[in-house]
Amino acid sequence: MISLNFSKRILKTCLYLPALLLPFAACNELPKDAYVTDKAPTSGKPVAGSAASTEDSNSLLKAGTRANSAGDFASARQLMESALKKQRETLGNENPAMFGTLLSLAMVNINDNNLRRADVLLIQAEKLADKSPDPNRKARVLHYRGAYLLASGDNQKALATLTRSEAEYKSNISHDALDAKAPPAL
């Protein structure tokens, strides 16, 4: 059974989630070597799907994450929307590599109380979740959906969803890791 204290901590954390995106920043990055790395023969500019396009998208995501953490939601949204646009141009609309970006952008919108846009982004992320290689994909979708429900004022559904998220996260962690004690503080 999930402790009430844990659930309260999660709910409290979800009220102000800018820092929550930091652990997932690496999950949002697109692999540099997964796409064509050619440049257009005459102009020397990167072509769609190039490593440069991927690096641009990753830079925008990192900057958006920093802006979100600083509470600058307008800048964060603009940067992450630009990253998502680049990813869609490069990868198409159904590529699971956009899963993390969609979740991050949804969280920015949740933080800024733009719940309609957040819901649209969460639905898109949910559709890509099964294709995503992220081992925590189900837990992450539930976690972000729980934050959305909390921001929407549906505390009971939020708590139930966050409880399911915790169970999903735990299912991906070895029992040894769950039983291990935290290292002593420095």
# chains A, B, ... in the order shown; residues from 1 in each chain; ligands from 1

call {"tool": "residues_around", "arguments": {"residues": "segment 157-166 of chain A", "least_positions_apart": "4", "cutoff": "6 Å", "atoms": "only C-alpha atoms", "output": "mmCIF file with N, CA, C and O atoms, in the first residue's frame"}}
result
data_model
loop_
_atom_site.group_PDB
_atom_site.id
_atom_site.type_symbol
_atom_site.label_atom_id
_atom_site.label_comp_id
_atom_site.auth_asym_id
_atom_site.auth_seq_id
_atom_site.Cartn_x
_atom_site.Cartn_y
_atom_site.Cartn_z
ATOM 1 N N ALA A 139 4.627 5.135 -16.286
ATOM 2 C CA ALA A 139 4.668 5.880 -15.029
ATOM 3 C C ALA A 139 4.698 7.378 -15.288
ATOM 4 O O ALA A 139 4.016 8.150 -14.609
ATOM 5 N N LEU A 142 1.249 8.672 -16.417
ATOM 6 C CA LEU A 142 0.364 8.749 -15.253
ATOM 7 C C LEU A 142 0.756 9.906 -14.332
ATOM 8 O O LEU A 142 -0.107 10.617 -13.803
ATOM 9 N N HIS A 143 2.052 10.095 -14.147
ATOM 10 C CA HIS A 143 2.545 11.172 -13.283
ATOM 11 C C HIS A 143 2.103 12.537 -13.814
ATOM 12 O O HIS A 143 1.560 13.370 -13.081
ATOM 13 N N GLY A 146 -1.586 12.949 -13.594
ATOM 14 C CA GLY A 146 -1.934 13.260 -12.206
ATOM 15 C C GLY A 146 -1.714 14.728 -11.894
ATOM 16 O O GLY A 146 -2.542 15.359 -11.218
ATOM 17 N N LEU A 149 -4.559 16.592 -13.485
ATOM 18 C CA LEU A 149 -5.787 16.451 -12.710
ATOM 19 C C LEU A 149 -5.747 17.303 -11.446
ATOM 20 O O LEU A 149 -6.748 17.915 -11.063
ATOM 21 N N LEU A 150 -4.600 17.357 -10.815
ATOM 22 C CA LEU A 150 -4.444 18.186 -9.622
ATOM 23 C C LEU A 150 -4.660 19.659 -9.966
ATOM 24 O O LEU A 150 -5.398 20.369 -9.280
#

call {"tool": "closest_residue", "arguments": {"among": "A:Asn136, A:Asn172, A:Gln124, A:Gln156", "to": "Glu94 of chain A", "atoms": "only C-alpha atoms"}}
result
A:Gln124

call {"tool": "closest_residue", "arguments": {"among": "A:Glu55, A:Asp134, A:Asp154, A:Glu168", "to": "Thr90 of chain A", "atoms": "only C-alpha atoms"}}
result
A:Glu55

call {"tool": "atom_distance", "arguments": {"atom1": "atom CA of Ala125 of chain A", "atom2": "atom CA of Phe99 of chain A"}}
result
5.3 Å

call {"tool": "closest_atom_pairs", "arguments": {"of": "segment 117-166 of chain A", "to": "segment 61-83 of chain A", "cutoff": "12 Å", "atoms": "only C-alpha atoms", "output": "Markdown table"}}
result
| residue | atom | partner | partner_atom | distance |
| --- | --- | --- | --- | --- |
| A:Arg117 | CA | A:Arg77 | CA | 10.7 |
| A:Ala118 | CA | A:Arg77 | CA | 10.9 |
| A:Leu121 | CA | A:Glu81 | CA | 10.8 |

call {"tool": "closest_residue", "arguments": {"among": "A:Val120, A:Gly92, A:Met98, A:Asn114", "to": "Ser57 of chain A", "atoms": "only C-alpha atoms"}}
result
A:Met98
